[in-house]
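Trainee: Input: one structure, supplied below.
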Amino acid sequence: MIKKIAVEDLEVGMFIEDFNVPWMDHPFMSNKKKIRSAKEIDLIREHGIQEVYINTAKGKDSSRAVSVEEADAEVRQRMEQEVAAKGAEGPPVQLSKEQAAFEEEVRRAKVVYAEAKALVKDLLHDARMGRSIDGERAAQTVDKMVDSIFRNPDAITSLSRLKSFDDYTFQHSVNVSVLALALGRHLGIVKEELRRLGVGAILHDVGKMRVPEQILNKPGRLTDEEFAVMKTHTLHGAKILMDTRNVPNESAAVALNHHERFNGRGYPRGVEGMAIGKFGLIAAIVDVYDAITSDRVYHKGMPSHQALQKIYEWSKTDFYPVFVQKFIQCVGIYPIGSVVRLDTGEVGVVCRQNHAELIRPWVRLVRKASGEPFTPPVDADLTQPDPEGEKPFARTIATTLEAAQAGIDVEAVLGVGGEDRAAA
């Protein structure tokens, strides 16, 4: 059985199933480990890790550990309550007119997304070859992304769920930029400043082109020596962007600071708190979010709603809590593309956010309670009251589902797949 336990309650003989921190943020070669000495517990504590998951079938149990189901339910309830409360402190983001144009904007956003991915491929190749990169071209592409974000942030952010194992480096760079821009807009950052943020975000990993390919593409966990080399990509990236015409220093700061952590345990400089800078604080959140929702050689990506829960947990240590709350408000507690079962038994895909009531998004219903398909799918607003008056709302999300297990092609349901893949 998988349980969650505080590090202070760890004992020799317990088997750690997951360190509950972003990959590479713990000191061991594997993400699974049997505790064999008190020194190993001290090392875990020294790295700022507060809670881990243990496997009681492979090691000692404890009365102080709680089941993963209980732990997740508690964290999710706390996240929903806190994010909703913080959102209520200020005026809600008014997006109703933009939301109505979701399908129209998705068509335009696909073209912008494909252009951005082609841009990243070209610029990273130029950096790998030692050539100067085209800062003006990057700015022009980011301008189109900013315009899409202002027309309808849900449209282009929905494309960030498109994942290709082979194209991870390029898609990750684009997704980080898209998500950074969406969060930046939600924070009220003006267009010109968003442009600087977007350029830095889309090129945040350019310094990896100075890292030896055998380290960059290693199919597994890096050794301490290899990781030390990998860490230099932030310094290389900042230098490349500072030396690039038409790229402001604020953009270079994204490359420099996206691995810094709010508790000061990040790299390359170990700065903490607000000293990381606004752009770095934003980039840190969205970089990890996209990474943990992507399939890699060393881990399988998790569903978006689970990733948000992890980001929320890590806001106690790694991320600026205020920006994490705003990020969850921005993408929704149930991000677009989440597969859900409703209390009516119907199954659907979250297709649009209700930013004033994050637990009640729009859901595109694809399967009836009987199991028969909706033909065509039906969009349901979960804020609609129950017409019979027997309960407050006609429909409420009961649980989330794995898309593959539910047999649902999310990209096809949302209409975000196909064309953009072919274009890219």
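Just remember, in the structure tokens the first chain shown is A, the second B, etc., residues are 1-based per chain, and ligands are 1-based in the order shown.
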Would you write out, as CSV, a table of all residues in region 79-174 of chain A that have an atom no more than 10 Å from an atom of region 60-75 of chain A, listing for each the closest atom pair and the distance in Å to one decimal, considering only C-alpha atoms and ordering rows by chain and rising residue number?

Mentor:
residue,atom,partner,partner_atom,distance
A:Met79,CA,A:Val75,CA,6.0
A:Glu80,CA,A:Val75,CA,8.6
A:Gln81,CA,A:Val75,CA,9.9

Trainee: Those selected residues, please, written with C-alpha atoms and delivered as a tab-separated table (two decimals), in the first residue's frame.

Mentor:
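selection04.tsv, written as the output of this step:
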chain	number	residue	atom	x	y	z
A	79	MET	CA	-6.16	23.59	-2.69
A	80	GLU	CA	-9.73	24.18	-3.89
A	81	GLN	CA	-10.67	26.12	-0.77

Trainee: With the cut-off set at 12 Å and counting only C-alpha atoms, tabulate each residue of region 201-302 of chain A with an atom at most that distance from an atom of region 27-51 of chain A, showing the nearest atom pair and its distance in Å to one decimal, ordered by chain and increasing number, as JSON lines.

Mentor:
{"residue": "A:Gly220", "atom": "CA", "partner": "A:Ser30", "partner_atom": "CA", "distance": 9.2}
{"residue": "A:Arg221", "atom": "CA", "partner": "A:Met29", "partner_atom": "CA", "distance": 6.2}
{"residue": "A:Leu222", "atom": "CA", "partner": "A:Met29", "partner_atom": "CA", "distance": 7.5}
{"residue": "A:Thr223", "atom": "CA", "partner": "A:Met29", "partner_atom": "CA", "distance": 7.2}
{"residue": "A:Asp224", "atom": "CA", "partner": "A:Pro27", "partner_atom": "CA", "distance": 8.8}
{"residue": "A:Glu226", "atom": "CA", "partner": "A:Met29", "partner_atom": "CA", "distance": 11.9}
{"residue": "A:Phe227", "atom": "CA", "partner": "A:Pro27", "partner_atom": "CA", "distance": 11.0}
{"residue": "A:Arg261", "atom": "CA", "partner": "A:Gly48", "partner_atom": "CA", "distance": 11.0}
{"residue": "A:Phe262", "atom": "CA", "partner": "A:Gly48", "partner_atom": "CA", "distance": 11.4}
{"residue": "A:Asn263", "atom": "CA", "partner": "A:Gly48", "partner_atom": "CA", "distance": 8.4}
{"residue": "A:Gly264", "atom": "CA", "partner": "A:Gly48", "partner_atom": "CA", "distance": 9.8}
{"residue": "A:Arg265", "atom": "CA", "partner": "A:His47", "partner_atom": "CA", "distance": 7.6}
{"residue": "A:Gly266", "atom": "CA", "partner": "A:His47", "partner_atom": "CA", "distance": 10.4}
{"residue": "A:Tyr298", "atom": "CA", "partner": "A:Asn31", "partner_atom": "CA", "distance": 9.7}
{"residue": "A:His299", "atom": "CA", "partner": "A:Asn31", "partner_atom": "CA", "distance": 9.7}

Trainee: Take the selection from the previous step and output its residues with C-alpha atoms, as a PDB file, in the first residue's frame.

Mentor:
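Listing of out.pdb after writing:
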ATOM      1  CA  GLY A 220      18.036   7.976 -17.107  1.00  0.00           C
ATOM      2  CA  ARG A 221      19.154   9.781 -13.998  1.00  0.00           C
ATOM      3  CA  LEU A 222      22.380  11.770 -14.236  1.00  0.00           C
ATOM      4  CA  THR A 223      25.365  11.196 -11.980  1.00  0.00           C
ATOM      5  CA  ASP A 224      26.369  14.034  -9.663  1.00  0.00           C
ATOM      6  CA  GLU A 226      26.797  14.945 -15.082  1.00  0.00           C
ATOM      7  CA  PHE A 227      24.161  16.922 -13.199  1.00  0.00           C
ATOM      8  CA  ARG A 261      13.524  27.763  -5.973  1.00  0.00           C
ATOM      9  CA  PHE A 262      11.647  29.950  -3.513  1.00  0.00           C
ATOM     10  CA  ASN A 263      13.355  28.258  -0.549  1.00  0.00           C
ATOM     11  CA  GLY A 264      16.813  28.982  -1.996  1.00  0.00           C
ATOM     12  CA  ARG A 265      17.586  25.350  -2.910  1.00  0.00           C
ATOM     13  CA  GLY A 266      17.616  25.887  -6.659  1.00  0.00           C
ATOM     14  CA  TYR A 298      12.697   8.266 -16.833  1.00  0.00           C
ATOM     15  CA  HIS A 299       9.053   8.941 -15.928  1.00  0.00           C
TER      16      HIS A 299
END

Trainee: State, in Å with one decimal place, the distance from CA of His186 (chain A) to CA of Ser304 (chain A).

Mentor: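 Answer for the CA of His186 (chain A) to CA of Ser304 (chain A) separation: 18.8 Å.
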
Trainee: Using DSSP assignments from the backbone, pull out every residue in region 310-396 of chain A that falls under strand (DSSP E or B) and give it to me as a PDB file with C-alpha atoms, in the first residue's frame.

Mentor:
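The resulting file, states-v1.pdb, is reproduced below:
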ATOM      1  CA  VAL A 339     -11.465  13.644 -18.517  1.00  0.00           C
ATOM      2  CA  VAL A 340     -14.185  13.585 -15.869  1.00  0.00           C
ATOM      3  CA  ARG A 341     -17.140  11.525 -14.740  1.00  0.00           C
ATOM      4  CA  LEU A 342     -20.093  13.551 -13.469  1.00  0.00           C
ATOM      5  CA  VAL A 347     -18.385  11.175 -19.014  1.00  0.00           C
ATOM      6  CA  GLY A 348     -16.834  14.130 -20.762  1.00  0.00           C
ATOM      7  CA  VAL A 349     -13.815  16.350 -21.333  1.00  0.00           C
ATOM      8  CA  VAL A 350     -13.294  19.766 -19.755  1.00  0.00           C
ATOM      9  CA  CYS A 351     -13.455  22.125 -22.735  1.00  0.00           C
ATOM     10  CA  ARG A 352     -13.708  25.601 -21.207  1.00  0.00           C
ATOM     11  CA  TRP A 362     -17.732  23.560 -19.103  1.00  0.00           C
ATOM     12  CA  VAL A 363     -17.612  19.863 -19.979  1.00  0.00           C
ATOM     13  CA  ARG A 364     -18.019  18.393 -23.455  1.00  0.00           C
ATOM     14  CA  LEU A 365     -20.144  15.316 -22.809  1.00  0.00           C
ATOM     15  CA  VAL A 366     -19.124  12.340 -24.925  1.00  0.00           C
ATOM     16  CA  ARG A 367     -20.723   9.398 -23.134  1.00  0.00           C
ATOM     17  CA  PRO A 373     -22.088   8.051 -26.974  1.00  0.00           C
ATOM     18  CA  PHE A 374     -23.462  11.553 -27.330  1.00  0.00           C
ATOM     19  CA  THR A 375     -23.747  12.120 -31.063  1.00  0.00           C
ATOM     20  CA  PRO A 376     -22.681  14.845 -31.471  1.00  0.00           C
ATOM     21  CA  PRO A 377     -21.024  15.690 -28.113  1.00  0.00           C
ATOM     22  CA  VAL A 378     -22.902  18.164 -25.920  1.00  0.00           C
ATOM     23  CA  ASP A 379     -21.303  21.080 -24.062  1.00  0.00           C
ATOM     24  CA  ALA A 380     -22.586  21.399 -20.501  1.00  0.00           C
ATOM     25  CA  ASP A 381     -22.069  24.392 -18.191  1.00  0.00           C
ATOM     26  CA  PRO A 385     -28.869  24.721 -11.588  1.00  0.00           C
ATOM     27  CA  PHE A 393     -26.564  22.006  -9.694  1.00  0.00           C
TER      28      PHE A 393
END

Trainee: Could you pull the residues within 10 Å of region 111-127 of chain A, counting only C-alpha atoms, minus those fewer than 5 positions along the same chain, as JSON, numbers by chain?

Mentor: {"A": [106, 132, 133, 134, 135, 137, 138, 140, 141, 142, 143, 144, 145, 147, 148, 156, 157, 159, 160, 167, 169, 170, 171, 172, 173, 174, 175, 177, 178, 202, 203, 205, 206, 207, 208, 209, 210, 237, 240, 419, 420, 421, 422, 423, 424]}
